[in-house]
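Chemist: For reference, this is target_25.cif, and it has mmCIF, C-alpha atoms.
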data_model
#
loop_
_atom_site.label_atom_id
_atom_site.label_comp_id
_atom_site.auth_asym_id
_atom_site.auth_seq_id
_atom_site.Cartn_x
_atom_site.Cartn_y
_atom_site.Cartn_z
CA MET X 19 0.00 0.00 0.00
CA SER X 20 1.22 3.48 -0.78
CA GLN X 21 2.51 5.47 2.17
CA SER X 22 0.44 8.43 1.03
CA PHE X 23 -2.68 6.54 2.08
CA SER X 24 -2.10 5.01 5.48
CA ARG X 25 -5.67 4.77 6.76
CA ILE X 26 -7.26 1.34 6.96
CA ARG X 27 -10.93 0.89 6.15
CA PRO X 28 -12.83 -0.31 9.22
CA SER X 29 -14.74 -3.58 9.13
CA PHE X 30 -18.50 -3.35 8.99
CA ASP X 31 -18.69 -4.59 12.60
CA GLN X 32 -16.44 -1.75 13.78
CA PHE X 33 -18.37 0.76 11.66
CA ARG X 34 -21.71 -0.47 13.06
CA ASP X 35 -20.33 -0.22 16.61
CA TRP X 36 -19.31 3.40 15.97
CA PHE X 37 -22.82 4.13 14.69
CA LEU X 38 -24.43 2.46 17.71
CA GLU X 39 -22.19 4.51 20.03
CA ILE X 40 -23.50 7.70 18.41
CA VAL X 41 -27.09 6.46 18.72
CA ASN X 42 -26.53 5.73 22.41
CA ARG X 43 -24.94 9.14 22.92
CA HIS X 44 -28.05 10.88 21.54
CA SER X 45 -30.66 8.42 22.76
CA PRO X 46 -29.31 6.45 25.74
CA GLY X 47 -30.34 2.81 25.91
CA LYS X 48 -31.94 2.71 22.47
CA ALA X 49 -29.10 0.95 20.63
CA GLN X 50 -28.61 -2.17 22.72
CA ASN X 51 -29.66 -4.37 19.82
CA PRO X 52 -28.48 -3.57 16.26
CA LEU X 53 -31.71 -5.14 15.00
CA ALA X 54 -33.89 -2.71 16.97
CA GLN X 55 -36.08 -0.52 14.80
CA TRP X 56 -34.63 2.84 13.76
CA HIS X 57 -37.98 4.56 14.36
CA ASN X 58 -37.86 3.52 18.04
CA VAL X 59 -34.74 5.63 18.61
CA GLY X 60 -36.73 8.85 18.56
CA GLU X 61 -38.43 11.40 16.35
CA GLU X 62 -37.20 12.23 12.83
CA ALA X 63 -35.31 15.32 14.03
CA LEU X 64 -33.34 13.24 16.54
CA ARG X 65 -32.58 10.56 13.95
CA GLN X 66 -31.43 13.25 11.50
CA GLU X 67 -29.18 14.70 14.21
CA ILE X 68 -27.71 11.21 14.87
CA VAL X 69 -26.89 10.70 11.18
CA SER X 70 -25.33 14.16 10.93
CA SER X 71 -23.27 13.59 14.07
CA PHE X 72 -22.05 10.23 12.77
CA LEU X 73 -21.05 11.75 9.42
CA ASP X 74 -19.20 14.52 11.30
CA ASP X 75 -17.27 11.86 13.25
CA LEU X 76 -16.36 10.03 10.05
CA GLU X 77 -15.09 13.27 8.53
CA MET X 78 -12.89 13.88 11.57
CA LYS X 79 -11.52 10.32 11.50
CA PHE X 80 -11.01 9.92 7.75
CA GLY X 81 -10.84 13.40 6.24
CA PHE X 82 -13.99 13.16 4.14
CA ARG X 83 -17.71 13.22 4.80
CA PRO X 84 -19.74 10.53 3.02
CA LEU X 85 -22.28 12.09 0.70
CA ILE X 86 -25.61 10.53 1.62
CA LYS X 87 -28.40 11.41 -0.79
CA GLU X 88 -31.11 9.42 0.97
CA ASP X 89 -33.20 10.68 3.87
CA LEU X 90 -31.87 8.08 6.28
CA HIS X 91 -33.82 9.57 9.18
CA LYS X 92 -37.04 8.50 7.42
CA LEU X 93 -36.12 4.84 6.81
CA ASP X 94 -38.27 2.13 8.37
CA CYS X 95 -35.64 -0.50 9.13
CA PRO X 96 -33.31 -1.81 11.83
CA LEU X 97 -30.40 0.29 13.13
CA GLU X 98 -27.98 -2.08 11.41
CA SER X 99 -29.55 -1.27 8.03
CA VAL X 100 -28.97 2.45 8.53
CA ALA X 101 -25.33 1.72 9.39
CA ASN X 102 -25.13 -0.51 6.30
CA HIS X 103 -26.43 2.27 4.02
CA ILE X 104 -23.80 4.67 5.33
CA PHE X 105 -21.07 2.01 5.21
CA HIS X 106 -21.75 1.31 1.54
CA VAL X 107 -21.30 4.97 0.59
CA PHE X 108 -18.35 5.36 2.95
CA SER X 109 -16.59 2.30 1.51
CA THR X 110 -17.03 3.54 -2.06
CA MET X 111 -15.68 6.97 -1.20
CA PHE X 112 -12.86 5.44 0.86
CA LEU X 113 -11.82 3.39 -2.19
CA MET X 114 -11.89 6.50 -4.38
CA GLU X 115 -9.74 8.37 -1.83
CA HIS X 116 -7.29 5.47 -1.91
CA ILE X 117 -7.15 5.48 -5.72
CA ASN X 118 -6.70 9.27 -5.80
CA ALA X 119 -3.92 9.07 -3.22
CA LYS X 120 -2.09 6.47 -5.31
CA MET X 121 -2.52 8.50 -8.48
CA TYR X 122 -2.01 12.03 -7.20
CA GLY X 123 -0.16 11.71 -3.91
CA LYS X 124 -1.23 13.15 -0.61
CA ALA X 125 -4.95 13.85 -0.34
CA ILE X 126 -6.26 17.39 -0.38
CA LYS X 127 -9.51 18.24 1.36
CA ARG X 128 -12.18 18.28 -1.33
CA GLU X 129 -15.91 18.73 -1.37
CA HIS X 130 -17.55 15.51 -2.55
#
With the file now loaded, output its structure as structure tokens.

Modeler:
Amino acid sequence: MSQSFSRIRPSFDQFRDWFLEIVNRHSPGKAQNPLAQWHNVGEEALRQEIVSSFLDDLEMKFGFRPLIKEDLHKLDCPLESVANHIFHVFSTMFLMEHINAKMYGKAIKREH
């Protein structure tokens, strides 16, 4: 691996755990089970705040913010599915960052 890209992509389990930590921070006790329903975490505004906070954390850790076009706060699914949606976009963008780093050298902060 090129030294210009030293970050390692987290496993889905680690990524899901990070997401559940954010959920618990905003809505204590609601993320004990990754298969719990997303709607049970709280109102749409709270769920939107959780997603935004998680994306902020990812940007701090990895230097880019995944561009999520879906309204994840409105999904009717388990918590794990929300994490999976974000992980899919994150993994794609992480791969692109890796390719860009190999092609162009050290990453520059860009708007995605």

Chemist: Running the PyMOL selection byres ((chain X and resi 95-111) around 6) on this model by hand, what would come out? Give it as a short mmCIF file (atom, residue, chain, number, x, y, z; two decimals) with C-alpha atoms, keeping the file's coordinate frame.

Modeler:
data_model
loop_
_atom_site.label_atom_id
_atom_site.label_comp_id
_atom_site.auth_asym_id
_atom_site.auth_seq_id
_atom_site.Cartn_x
_atom_site.Cartn_y
_atom_site.Cartn_z
CA ARG X 34 -21.71 -0.47 13.06
CA PRO X 52 -28.48 -3.57 16.26
CA LEU X 53 -31.71 -5.14 15.00
CA ALA X 54 -33.89 -2.71 16.97
CA GLN X 55 -36.08 -0.52 14.80
CA TRP X 56 -34.63 2.84 13.76
CA PRO X 84 -19.74 10.53 3.02
CA LEU X 93 -36.12 4.84 6.81
CA ASP X 94 -38.27 2.13 8.37
CA PHE X 112 -12.86 5.44 0.86
CA LEU X 113 -11.82 3.39 -2.19
CA MET X 114 -11.89 6.50 -4.38
#

Chemist: Running the PyMOL selection byres ((chain X and resi 69) around 9) on this model by hand, what would come out? Give it as a list of chain:residue names.

Modeler: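 Listing what the PyMOL selection byres ((chain X and resi 69) around 9) selects in the shown file: X:Phe37, X:Ile40, X:Val41, X:Leu64, X:Arg65, X:Gln66, X:Glu67, X:Ile68, X:Ser70, X:Ser71, X:Phe72, X:Leu73, X:Asp74, X:Leu90, X:His91, X:Val100, X:Ile104.
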
Chemist: In Å, rounded to a single decimal, give me how far atom CA of X:Arg27 is from atom CA of X:Ala63.

Modeler: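 Going from atom CA of X:Ala63 over to atom CA of X:Arg27, I get 29.4 Å.
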
Chemist: Please report the interatomic distance between atom CA of X:Asn118 and atom CA of X:Ile26 in Å with one decimal.

Modeler: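 So the two atoms, atom CA of X:Asn118 and atom CA of X:Ile26, lie 15.0 Å apart.
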
Chemist: Do you have the atom CA of X:Met78-atom CA of X:Lys92 distance handy?

Modeler: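 Computing it gives 25.1 Å between the two atoms.
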
Chemist: As a PDB file with C-alpha atoms, in the frame of the given file, please: the residues near X:Ser45 (cut-off 8 Å, only C-alpha atoms, same-chain neighbours under 4 positions excluded).

Modeler:
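Output (selection.pdb):
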ATOM      1  CA  VAL X  41     -27.090   6.460  18.720  1.00  0.00           C
ATOM      2  CA  ALA X  49     -29.100   0.950  20.630  1.00  0.00           C
ATOM      3  CA  VAL X  59     -34.740   5.630  18.610  1.00  0.00           C
ATOM      4  CA  GLY X  60     -36.730   8.850  18.560  1.00  0.00           C
TER       5      GLY X  60
END

Chemist: Edge lengths and centre in Å to one decimal, as JSON, of the axis-aligned box that encloses all listed atoms of stretch 49-53 of chain X with 8 Å added on every side?

Modeler:
{"center_x": -30.1, "center_y": -2.1, "center_z": 18.9, "size_x": 19.2, "size_y": 22.1, "size_z": 23.7}
